[in-house]
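What follows is the content of data.cif, which has mmCIF, C-alpha atoms (C1' of nucleotides):
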data_model
loop_
_atom_site.label_atom_id
_atom_site.label_comp_id
_atom_site.auth_asym_id
_atom_site.auth_seq_id
_atom_site.Cartn_x
_atom_site.Cartn_y
_atom_site.Cartn_z
CA MET W 696 0.00 0.00 0.00
CA GLY W 697 2.74 2.44 1.01
CA LYS W 698 4.55 1.75 -2.24
CA SER W 699 2.17 3.96 -4.19
CA VAL W 700 2.89 6.99 -2.03
CA GLN W 701 6.39 8.22 -2.82
CA LYS W 702 8.22 10.72 -0.67
CA ILE W 703 9.95 13.12 -3.07
CA THR W 704 11.12 15.60 -0.42
CA GLU W 705 10.10 16.32 3.16
CA ASN W 706 6.93 18.14 2.00
CA VAL W 707 6.38 16.71 -1.47
CA SER W 708 4.52 13.44 -2.05
CA LEU W 709 3.76 11.63 -5.25
CA ILE W 710 0.81 9.27 -5.47
CA ALA W 711 2.29 6.81 -7.95
CA SER W 712 4.04 3.47 -7.91
CA ALA W 713 7.68 3.38 -8.98
CA ASP W 714 6.79 1.86 -12.36
CA THR W 715 4.22 4.53 -13.31
CA TRP W 716 5.87 6.73 -15.91
CA ILE W 717 6.02 10.39 -14.95
CA GLU W 718 8.01 12.98 -16.87
CA GLY W 719 11.08 14.29 -15.02
CA LEU W 720 10.20 17.89 -15.81
CA ALA W 721 6.88 17.47 -14.01
CA ILE W 722 8.66 16.30 -10.85
CA GLN W 723 11.07 19.24 -11.13
CA GLN W 724 8.11 21.63 -11.41
CA LEU W 725 6.48 19.94 -8.43
CA ILE W 726 9.58 20.44 -6.27
CA LYS W 727 10.04 24.03 -7.47
CA THR W 728 6.45 24.84 -6.61
CA SER W 729 6.93 23.36 -3.14
CA GLU W 730 9.60 26.01 -2.53
CA LEU W 731 7.21 28.95 -2.98
CA SER W 732 6.88 31.12 0.10
CA GLY W 733 4.14 29.92 2.43
CA MET W 734 3.91 26.51 0.74
CA HIS W 735 3.28 23.85 3.36
CA ARG W 736 2.82 20.63 1.41
CA VAL W 737 2.57 19.52 -2.22
CA ALA W 738 1.13 16.34 -3.68
CA GLY W 739 1.52 15.02 -7.21
CA MET W 740 -1.17 12.74 -8.57
CA PRO W 741 -0.44 9.71 -10.81
CA ASP W 742 -1.50 11.80 -13.85
CA LEU W 743 1.12 14.47 -13.07
CA HIS W 744 2.54 16.13 -16.19
CA PRO W 745 4.40 19.35 -16.97
CA GLY W 746 2.56 22.62 -17.40
CA ARG W 747 3.74 26.17 -18.04
CA GLY W 748 5.96 26.55 -15.01
CA TYR W 749 3.66 24.66 -12.68
CA PRO W 750 2.74 21.01 -13.04
CA ILE W 751 -0.75 19.72 -13.82
CA GLY W 752 -2.26 16.90 -11.79
CA ALA W 753 -1.22 18.22 -8.40
CA ALA W 754 -2.47 19.80 -5.18
CA PHE W 755 -0.75 22.58 -3.25
CA PHE W 756 -1.46 23.44 0.38
CA THR W 757 -0.47 26.89 1.64
CA LEU W 758 -0.95 28.30 5.12
CA ASN W 759 -1.39 32.03 4.83
CA LYS W 760 -1.55 33.03 1.19
CA ILE W 761 -3.11 31.94 -2.05
CA TYR W 762 -1.47 31.62 -5.47
CA PRO W 763 -3.95 32.37 -8.27
CA ALA W 764 -1.33 31.32 -10.83
CA LEU W 765 -1.40 27.78 -9.39
CA VAL W 766 -5.12 27.49 -10.10
CA GLY W 767 -4.51 28.79 -13.60
CA ASN W 768 -6.93 30.24 -16.09
CA ASP W 769 -9.55 27.52 -16.15
CA ILE W 770 -10.97 28.20 -12.71
CA GLY W 771 -13.72 25.73 -11.81
CA CYS W 772 -12.91 23.25 -14.56
CA GLY W 773 -14.37 19.87 -13.75
CA MET W 774 -16.38 16.81 -14.65
CA SER W 775 -20.09 16.24 -14.49
CA LEU W 776 -21.81 12.93 -15.11
CA TRP W 777 -25.39 12.79 -16.30
CA GLN W 778 -27.53 9.73 -16.86
CA THR W 779 -29.57 10.12 -20.02
CA SER W 780 -32.94 8.54 -20.71
CA ALA W 781 -31.48 7.06 -23.93
CA LYS W 782 -30.76 3.33 -24.00
CA VAL W 783 -27.31 2.03 -24.87
CA SER W 784 -28.87 -0.76 -26.93
CA LYS W 785 -30.58 1.75 -29.23
CA VAL W 786 -27.46 3.70 -30.17
CA ASN W 787 -26.59 4.04 -33.83
CA LEU W 788 -23.16 5.67 -33.86
CA GLU W 789 -23.28 7.32 -37.29
CA LYS W 790 -26.78 8.67 -36.66
CA LEU W 791 -25.71 9.91 -33.24
CA ALA W 792 -22.62 11.62 -34.68
CA LYS W 793 -24.81 13.84 -36.88
CA LYS W 794 -26.86 15.33 -34.05
CA PHE W 795 -24.40 17.92 -32.76
CA GLU W 796 -24.25 20.52 -35.51
CA HIS W 797 -25.40 23.39 -33.34
CA VAL W 798 -23.90 22.64 -29.94
CA GLU W 799 -21.02 25.08 -30.36
CA LEU W 800 -23.09 28.19 -31.07
CA PRO W 801 -24.08 30.55 -28.27
CA LEU W 802 -27.34 29.31 -26.72
CA ASP W 803 -30.36 30.85 -28.47
CA GLU W 804 -33.32 32.75 -26.97
CA SER W 805 -35.13 29.54 -26.04
CA TRP W 806 -32.53 29.17 -23.27
CA SER W 807 -32.66 32.72 -21.91
CA SER W 808 -35.14 32.09 -19.09
CA ILE W 809 -33.33 29.01 -17.77
CA ILE W 810 -30.01 30.88 -18.02
CA GLU W 811 -31.43 33.85 -16.13
CA ASN W 812 -33.00 31.66 -13.43
CA ARG W 813 -29.95 29.49 -12.89
CA LYS W 814 -27.57 32.47 -12.87
CA SER W 815 -29.71 34.13 -10.23
CA GLU W 816 -29.96 30.92 -8.15
CA LYS W 817 -26.20 30.51 -8.32
CA CYS W 818 -25.53 34.22 -7.59
CA ILE W 819 -23.76 34.76 -10.89
CA THR W 820 -23.84 38.47 -11.65
CA THR W 821 -21.46 38.77 -14.59
CA ASP W 822 -22.97 38.93 -18.08
CA ASN W 823 -19.70 39.39 -19.94
CA TYR W 824 -19.33 35.77 -20.97
CA ASP W 825 -22.95 34.81 -21.57
CA ARG W 826 -22.13 33.94 -25.17
CA ALA W 827 -19.75 31.22 -23.96
CA LEU W 828 -22.26 29.66 -21.53
CA GLY W 829 -23.14 26.17 -22.68
CA THR W 830 -20.03 25.76 -24.86
CA ILE W 831 -17.28 23.19 -24.29
CA GLY W 832 -14.21 25.14 -25.46
CA GLY W 833 -10.97 23.60 -26.69
CA GLY W 834 -7.95 21.77 -25.34
CA ASN W 835 -8.84 18.66 -23.40
CA HIS W 836 -12.49 19.65 -22.90
CA PHE W 837 -15.14 17.33 -24.25
CA ALA W 838 -18.62 15.90 -23.97
CA GLU W 839 -18.62 12.12 -24.10
CA PHE W 840 -21.45 9.62 -24.22
CA GLN W 841 -20.52 6.49 -22.33
CA ALA W 842 -21.88 3.06 -21.46
CA ILE W 843 -21.41 1.42 -18.08
CA ASN W 844 -19.21 -1.49 -19.08
CA GLU W 845 -18.47 -3.26 -15.82
CA VAL W 846 -19.97 -2.87 -12.35
CA TYR W 847 -17.93 -3.60 -9.23
CA ASP W 848 -20.20 -1.95 -6.64
CA GLN W 849 -23.88 -2.16 -7.56
CA LYS W 850 -24.93 -0.53 -4.30
CA ALA W 851 -22.93 2.58 -5.08
CA LEU W 852 -24.37 2.69 -8.57
CA ASP W 853 -27.90 2.48 -7.11
CA GLU W 854 -27.05 5.24 -4.68
CA LEU W 855 -26.10 7.47 -7.60
CA GLY W 856 -29.24 6.48 -9.50
CA LEU W 857 -27.27 5.00 -12.39
CA ASN W 858 -28.57 2.19 -14.56
CA LYS W 859 -26.35 0.11 -16.83
CA LYS W 860 -28.94 0.13 -19.61
CA HIS W 861 -28.86 3.89 -19.93
CA LEU W 862 -26.41 5.97 -21.90
CA GLN W 863 -24.33 8.26 -19.68
CA LEU W 864 -22.98 11.69 -20.54
CA LEU W 865 -19.70 12.96 -19.14
CA VAL W 866 -18.96 16.68 -19.54
CA HIS W 867 -15.48 18.14 -19.05
CA SER W 868 -15.38 21.93 -19.25
CA GLY W 869 -14.71 25.02 -17.21
CA SER W 870 -15.06 28.77 -16.98
CA ARG W 871 -13.93 29.63 -20.55
CA GLY W 872 -13.02 33.28 -21.01
CA LEU W 873 -14.26 34.29 -17.56
CA GLY W 874 -11.61 32.36 -15.64
CA GLN W 875 -9.00 33.53 -18.10
CA SER W 876 -9.92 37.19 -17.50
CA ILE W 877 -9.67 36.72 -13.71
CA LEU W 878 -6.20 35.19 -13.98
CA VAL W 879 -5.02 37.88 -16.42
CA GLU W 880 -6.23 40.59 -14.06
CA HIS W 881 -4.23 39.06 -11.22
CA ILE W 882 -1.05 38.48 -13.29
CA THR W 883 -1.17 42.02 -14.69
CA LYS W 884 -1.15 43.46 -11.20
CA HIS W 885 0.83 40.92 -9.17
CA ASN W 886 2.75 38.72 -11.65
CA HIS W 887 2.86 35.20 -10.23
CA ASP W 888 3.00 36.42 -6.64
CA GLY W 889 0.55 35.13 -4.09
CA LEU W 890 -1.98 37.14 -2.11
CA GLY W 891 -1.84 37.20 1.68
CA PHE W 892 -5.08 37.09 3.65
CA ASN W 893 -4.70 40.78 4.50
CA ASP W 894 -3.89 41.94 0.97
CA GLU W 895 -6.66 44.08 -0.39
CA ASP W 896 -6.96 41.93 -3.51
CA PHE W 897 -7.34 38.66 -1.58
CA GLN W 898 -11.09 38.93 -1.02
CA ASP W 899 -11.54 40.41 -4.50
CA TYR W 900 -9.79 37.44 -6.15
CA MET W 901 -11.61 34.89 -4.00
CA ALA W 902 -15.00 36.44 -4.77
CA LYS W 903 -14.28 36.39 -8.51
CA HIS W 904 -12.77 32.89 -8.28
CA ASP W 905 -15.82 31.55 -6.45
CA GLU W 906 -18.14 33.09 -9.03
CA ALA W 907 -16.06 31.52 -11.84
CA VAL W 908 -16.42 28.14 -10.09
CA ARG W 909 -20.21 28.56 -10.04
CA TRP W 910 -20.18 29.78 -13.65
CA ALA W 911 -18.19 26.68 -14.68
CA GLU W 912 -20.71 24.44 -12.88
CA LEU W 913 -23.56 26.17 -14.69
CA ASN W 914 -21.64 25.89 -17.95
CA ARG W 915 -21.38 22.09 -17.57
CA GLU W 916 -25.08 21.92 -16.70
CA LEU W 917 -26.05 23.88 -19.82
CA ILE W 918 -23.69 21.82 -21.99
CA ALA W 919 -25.30 18.64 -20.66
CA ARG W 920 -28.81 20.01 -21.21
CA ARG W 921 -28.13 21.07 -24.79
CA PHE W 922 -26.50 17.71 -25.63
CA LEU W 923 -29.53 15.98 -24.10
CA GLU W 924 -31.79 18.18 -26.23
CA ALA W 925 -29.69 17.37 -29.30
CA ILE W 926 -30.36 13.64 -28.84
CA ARG W 927 -33.95 14.28 -27.70
CA ALA W 928 -33.44 12.74 -24.27
CA ASN W 929 -33.89 13.71 -20.65
CA GLY W 930 -31.24 13.36 -18.01
CA ASN W 931 -30.25 13.63 -14.38
CA CYS W 932 -27.00 14.92 -12.98
CA ALA W 933 -25.34 12.21 -10.85
CA LEU W 934 -22.26 14.20 -9.89
CA ASP W 935 -20.39 17.40 -10.64
CA ILE W 936 -16.82 17.82 -9.33
CA ASN W 937 -14.31 20.65 -9.83
CA HIS W 938 -10.62 19.88 -10.23
CA ASN W 939 -9.18 23.41 -10.72
CA LEU W 940 -9.78 25.65 -7.73
CA VAL W 941 -8.49 26.94 -4.40
CA SER W 942 -10.51 26.49 -1.20
CA ALA W 943 -10.09 26.69 2.56
CA LYS W 944 -9.21 23.35 4.17
CA ASN W 945 -7.92 22.02 7.47
CA ILE W 946 -5.29 19.38 6.84
CA ASP W 947 -3.49 17.51 9.60
CA GLY W 948 -4.46 20.17 12.13
CA SER W 949 -3.51 23.19 10.03
CA ASP W 950 -5.93 25.70 8.53
CA GLY W 951 -4.83 26.70 5.07
CA TRP W 952 -5.63 26.97 1.39
CA LEU W 953 -5.79 23.95 -0.84
CA HIS W 954 -5.03 24.66 -4.50
CA ARG W 955 -6.03 21.99 -6.95
CA LYS W 956 -4.64 22.06 -10.48
CA GLY W 957 -6.00 19.07 -12.31
CA ALA W 958 -6.59 17.31 -9.00
CA THR W 959 -9.97 15.79 -8.22
CA PRO W 960 -11.21 16.18 -4.63
CA SER W 961 -11.39 12.98 -2.59
CA ASP W 962 -13.60 14.66 0.02
CA LYS W 963 -16.67 15.40 -2.11
CA GLY W 964 -18.16 11.98 -2.73
CA TYR W 965 -18.12 9.86 -5.89
CA VAL W 966 -16.01 11.07 -8.81
CA VAL W 967 -15.27 10.06 -12.40
CA ILE W 968 -11.64 9.77 -13.50
CA PRO W 969 -11.75 9.86 -17.29
CA GLY W 970 -9.37 7.99 -19.51
CA SER W 971 -8.51 9.26 -22.97
CA ARG W 972 -11.26 9.07 -25.58
CA GLY W 973 -9.96 5.64 -26.57
CA ASP W 974 -9.85 4.27 -23.04
CA TYR W 975 -12.22 3.45 -20.21
CA SER W 976 -13.21 6.03 -17.59
CA TYR W 977 -13.63 5.00 -13.98
CA LEU W 978 -16.40 5.88 -11.56
CA VAL W 979 -14.75 5.68 -8.16
CA LYS W 980 -15.58 6.03 -4.50
CA PRO W 981 -12.95 7.93 -2.51
CA ILE W 982 -12.11 6.22 0.77
CA SER W 983 -12.49 8.63 3.63
CA GLY W 984 -10.84 8.62 6.97
CA ASN W 985 -10.22 5.12 8.27
CA GLU W 986 -7.03 4.69 10.27
CA ALA W 987 -5.19 2.81 7.56
CA THR W 988 -5.55 5.62 5.06
CA ALA W 989 -5.57 8.76 7.23
CA GLU W 990 -1.90 9.42 6.63
CA ASN W 991 -2.24 8.84 2.90
CA LEU W 992 -5.20 11.22 2.76
CA ASN W 993 -3.00 13.92 4.28
CA LYS W 994 -0.11 13.07 1.96
CA SER W 995 -2.44 13.14 -1.06
CA LEU W 996 -3.94 16.46 0.13
CA PHE W 997 -7.40 14.91 -0.20
CA SER W 998 -6.93 14.77 -3.95
CA LEU W 999 -6.97 12.30 -6.83
CA ALA W 1000 -5.95 12.24 -10.48
CA HIS W 1001 -8.24 14.16 -12.84
CA GLY W 1002 -7.58 11.89 -15.78
CA ALA W 1003 -5.05 9.53 -17.33
CA GLY W 1004 -2.42 12.24 -17.71
CA ARG W 1005 -0.73 13.43 -20.88
CA LYS W 1006 2.20 11.39 -22.14
CA TRP W 1007 3.00 13.73 -25.04
CA LYS W 1008 2.94 17.51 -25.17
CA ARG W 1009 0.26 19.35 -27.09
CA GLY W 1010 1.56 20.37 -30.47
CA GLU W 1011 3.96 17.46 -30.85
CA CYS W 1012 1.25 14.82 -31.33
CA HIS W 1013 0.56 15.45 -35.02
CA GLY W 1014 4.25 14.95 -35.76
CA ARG W 1015 4.39 11.75 -33.75
CA LEU W 1016 1.20 10.23 -35.15
CA GLY W 1017 0.89 11.80 -38.59
CA HIS W 1018 2.98 9.17 -40.40
CA LYS W 1019 1.06 6.27 -38.98
CA TYR W 1020 -2.49 7.59 -38.82
CA LYS W 1021 -4.54 9.53 -41.33
CA ARG W 1022 -7.22 11.83 -40.04
CA GLU W 1023 -9.96 9.30 -40.85
CA ASP W 1024 -8.22 6.65 -38.74
CA LEU W 1025 -8.77 8.75 -35.62
CA TYR W 1026 -12.55 9.06 -35.91
CA ARG W 1027 -12.86 5.57 -34.40
CA THR W 1028 -11.07 4.20 -31.36
CA ALA W 1029 -9.89 0.78 -30.29
CA LEU W 1030 -12.94 0.47 -28.00
CA GLY W 1031 -15.25 1.01 -30.98
CA SER W 1032 -16.25 4.54 -30.01
CA ARG W 1033 -16.85 7.41 -32.44
CA VAL W 1034 -14.97 10.71 -32.32
CA VAL W 1035 -16.42 14.00 -33.57
CA CYS W 1036 -13.52 16.40 -34.01
CA GLY W 1037 -13.30 18.61 -37.07
CA ASN W 1038 -10.16 20.38 -35.92
CA LYS W 1039 -7.09 18.58 -37.17
CA GLU W 1040 -4.61 19.65 -34.50
CA LEU W 1041 -7.09 18.82 -31.73
CA LEU W 1042 -7.76 15.45 -33.34
CA TYR W 1043 -4.07 14.55 -32.94
CA ASP W 1044 -3.39 16.45 -29.68
CA GLU W 1045 -6.14 14.57 -27.89
CA ALA W 1046 -5.57 11.19 -29.52
CA PRO W 1047 -5.58 8.22 -27.13
CA GLN W 1048 -1.86 7.68 -27.87
CA ALA W 1049 -1.08 11.09 -26.30
CA TYR W 1050 -2.32 9.84 -22.91
CA LYS W 1051 -1.24 7.23 -20.41
CA LYS W 1052 -3.32 4.14 -19.79
CA CYS W 1053 -5.96 5.11 -17.28
CA GLU W 1054 -5.84 1.74 -15.51
CA THR W 1055 -2.35 2.40 -14.11
CA VAL W 1056 -3.45 5.75 -12.74
CA ILE W 1057 -6.46 4.08 -11.11
CA SER W 1058 -4.48 1.18 -9.66
CA ASP W 1059 -1.95 3.58 -8.12
CA MET W 1060 -4.78 5.27 -6.21
CA VAL W 1061 -6.31 1.92 -5.24
CA ASP W 1062 -2.90 0.78 -3.97
CA ALA W 1063 -2.54 4.02 -2.00
CA GLY W 1064 -5.81 3.19 -0.26
CA LEU W 1065 -7.49 6.31 -1.65
CA ILE W 1066 -10.28 4.87 -3.81
CA GLU W 1067 -12.45 1.89 -4.61
CA VAL W 1068 -13.62 1.37 -8.17
CA VAL W 1069 -17.41 1.42 -8.58
CA ALA W 1070 -17.73 0.96 -12.34
CA LYS W 1071 -15.83 1.10 -15.60
CA LEU W 1072 -17.32 3.33 -18.30
CA ARG W 1073 -16.74 2.69 -22.00
CA PRO W 1074 -16.63 5.62 -24.44
CA VAL W 1075 -19.41 5.55 -27.04
CA LEU W 1076 -19.06 8.94 -28.74
CA THR W 1077 -16.67 11.76 -27.89
CA PHE W 1078 -17.60 15.24 -29.07
CA LYS W 1079 -14.76 17.76 -29.33
CA THR W 1080 -15.77 20.19 -32.05
CA ASN W 1081 -17.41 20.22 -35.46
CA GLY W 1082 -14.45 22.45 -36.14
CA ASP W 1083 -12.83 23.84 -39.15
CA CYS W 1084 -12.18 20.89 -41.41
CA SER W 1085 -10.07 22.95 -43.79
CA SER W 1086 -7.26 23.45 -41.31
"C1'" DA B 724 -6.65 26.79 -21.17
"C1'" DT B 725 -8.18 31.26 -24.23
"C1'" DG B 726 -15.20 35.32 -27.97
"C1'" DT B 727 -7.54 31.43 -29.12
"C1'" DC B 728 -3.33 34.29 -33.65
"C1'" DC B 729 0.67 36.23 -36.42
#

Show how you would write the structure in this file as C-alpha cells.
Amino acid sequence: MGKSVQKITENVSLIASADTWIEGLAIQQLIKTSELSGMHRVAGMPDLHPGRGYPIGAAFFTLNKIYPALVGNDIGCGMSLWQTSAKVSKVNLEKLAKKFEHVELPLDESWSSIIENRKSEKCITTDNYDRALGTIGGGNHFAEFQAINEVYDQKALDELGLNKKHLQLLVHSGSRGLGQSILVEHITKHNHDGLGFNDEDFQDYMAKHDEAVRWAELNRELIARRFLEAIRANGNCALDINHNLVSAKNIDGSDGWLHRKGATPSDKGYVVIPGSRGDYSYLVKPISGNEATAENLNKSLFSLAHGAGRKWKRGECHGRLGHKYKREDLYRTALGSRVVCGNKELLYDEAPQAYKKCETVISDMVDAGLIEVVAKLRPVLTFKTNGDCSS
DNA sequence: ATGTCC
C-alpha cells in the first residue's frame, strides 16, 4: 500500500508506484512549486505532467496566502456525469454523430429564461461571458457519451441512481473566457506572486474565483442540457466535481488553502476519472478517513488524479502520429467509439496515444488506499468540435 | 486553457 505513495522531499509526495511513468520535468516543477513562500505541502497525482511553469495533476497546500497562478486560467474546470434517458442498446453511432451541428453556437433565446434563473440561483452576476455559456471550449475539454461497461459496486451505482442500460454523458469543461480574465487581471497586477489574507486583492480574487467556479458548474449543466436536447433525451445529474480551484481546508491540524490544479477532490463523494477518448473512464468512491488511510489522505492532500495524464505535449502529437495515422483513422477508437472532431490539431493532440493508460493511474490510487472502483465506463461517442475541417 | 493568432 505504502509503495504507491512516494516521498519526493520532506513536504512533497507523489501518489504513484515506482513503475508509473512520470516525466522528469513534471517532478522538477512539483519540487520548485513546493519552494514557494508559504507553501506547506505539495502532492503530485499519478497523472502528473508538466505545465507552463507549474505542473498539472497536483495539489498545493499553503498556510497564509493563495497563489492564483497555481489554479490557472480555467478556474472551476471539472467533470459532471449525467444519466440520459437514452438506451445504450438503441445507439446508432453514425446517426448519433450527426446530431451535434449546433452545440457550439451561443445558446439561443429559447434558453434565456433558464439561463437567467440558474444564474440568479447561483448568484452569478457577470454577463460578460454569456455567449460562452453552454459551450465546451478547446484543449482537453469534451462531452462524451458512455456506457457502463463493468460494475464492481452495484450498491454505489444504485445510490447514484445509475442504470447500466442507460447511456451516460460525461462533460469536461470550465469557466472559458471568464476564468482567463480573472487570472489575467491578477497576473497584470501581481505577476505570479501570491496574495496574503490581509492583501486588499485577496477577497476580491476569491470572490471572482468563487463566481467563476459557479459559472463553470452552470456551464457544464447547460452543456449537458443542450446535448440531451440534441439527442432528444432527458437526463439527471449524478455528480459534478471541480478539479481546478483553491478552497479553505484544514489538513493535519492546520488551517490553510488547498489549490487543486488538475486534482480531483477525494472529500466530495463519488467522482469520475476519465481515460482518454480511446480508453475506459472510472467511476470511483474515494475512501475517507479510516485509520489505515488517514496518513495517505494527508499526503495526497485529499486529492486524486483528474484523468489519465498526458504522455505527449500538445503540439507534438501530429508529428508523432501523422505518419502512422490519417485523419480518418482517428474518428474511431480501439474500443469502438466514435470521435467527432473537425479540428485537425485537436484530433491529434487529444488522440488516445497522447495519454497514459488510465488503468495504471487508477491502480496507483487503489494501492494508496485512496479509492475503490465502482464501475468502468466505456466511451461511445466523444464530441470535441465540429471544427474547421479545412485546417 | 483562451469570444484562441501572427

### Query
Pick from W:Ile882, W:Val967, W:Leu1025, W:Leu862: nearest to Glu1045 in chain W, with only C-alpha atoms counted?
W:Leu1025

### Task
List the residues matched by the PyMOL selection byres ((chain W and resi 936) around 9) in the displayed structure as a VMD selection string, ordered by chain and then by residue number.
chain W and resid 771 to 775 912 934 to 935 937 to 938 959 to 960 963 to 967

### Message
Selection in question (the file shown): the PyMOL selection byres ((chain W) within 10 of (chain B)). Which residues does it include, as a VMD selection string?
### Response
chain W and resid 767 to 770 772 824 826 to 827 832 to 836 869 to 876

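Computed from the coordinates, the CA of Ala738 in chain W to CA of Ser699 in chain W distance equals 12.4 Å.
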
### Contact residues around Leu864 in chain W with all atoms listed in the file at 6 Å, ignoring same-chain residues under 4 positions, as a PyMOL selection string
chain W and resi 776-777+839-840

Residue selection dump (C-alpha atoms) as a short mmCIF file (atom, residue, chain, number, x, y, z; two decimals), keeping the file's coordinate frame:
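Output (result.cif):
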data_model
loop_
_atom_site.label_atom_id
_atom_site.label_comp_id
_atom_site.auth_asym_id
_atom_site.auth_seq_id
_atom_site.Cartn_x
_atom_site.Cartn_y
_atom_site.Cartn_z
CA LEU W 776 -21.81 12.93 -15.11
CA TRP W 777 -25.39 12.79 -16.30
CA GLU W 839 -18.62 12.12 -24.10
CA PHE W 840 -21.45 9.62 -24.22
#

### Query
So how many Å separate CA of Lys785 in chain W and CA of Gly930 in chain W, to one decimal?
16.2 Å

### Message
One number please: CA of Met734 in chain W to CA of Val700 in chain W, in Å, one decimal.
### Response
19.7 Å

Grab all the atoms of range 752-763 of chain W that the file lists, wrap them in a box along x, y and z, add 3 Å per side, and give me centre plus edge lengths in Å (one decimal) as AutoDock Vina command-line options.
--center_x -2.2 --center_y 25.0 --center_z -3.3 --size_x 9.5 --size_y 22.1 --size_z 22.9

### Task
Translate the PyMOL selection byres ((chain W and resi 702) around 12), as applied to the file shown, into an explicit residue set as a list in words.
Gly697, Lys698, Ser699, Val700, Gln701, Ile703, Thr704, Glu705, Asn706, Val707, Ser708, Leu709, Ile710, Ala711, Ser712, Ala713, Ile722, Ile726, Arg736, Val737, Ala738, Gly739, Asn991, Lys994 and Ser995 of chain W

### Residue contacts of range 1065-1070 of chain W (10 Å, all atoms listed in the file) excluding same-chain residues fewer than 2 positions away, as an MDAnalysis selection string
chainID W and resid 696 710 843:852 859 961 965:967 975:984 988:989 991:992 995 997:999 1057:1063 1072:1073

### Task
Write out as a ChimeraX atom specification the residues lying within 6 Å of Tyr1050 in chain W, counting all atoms listed in the file and excluding same-chain residues fewer than 3 positions away.
/W:1004-1006,1047
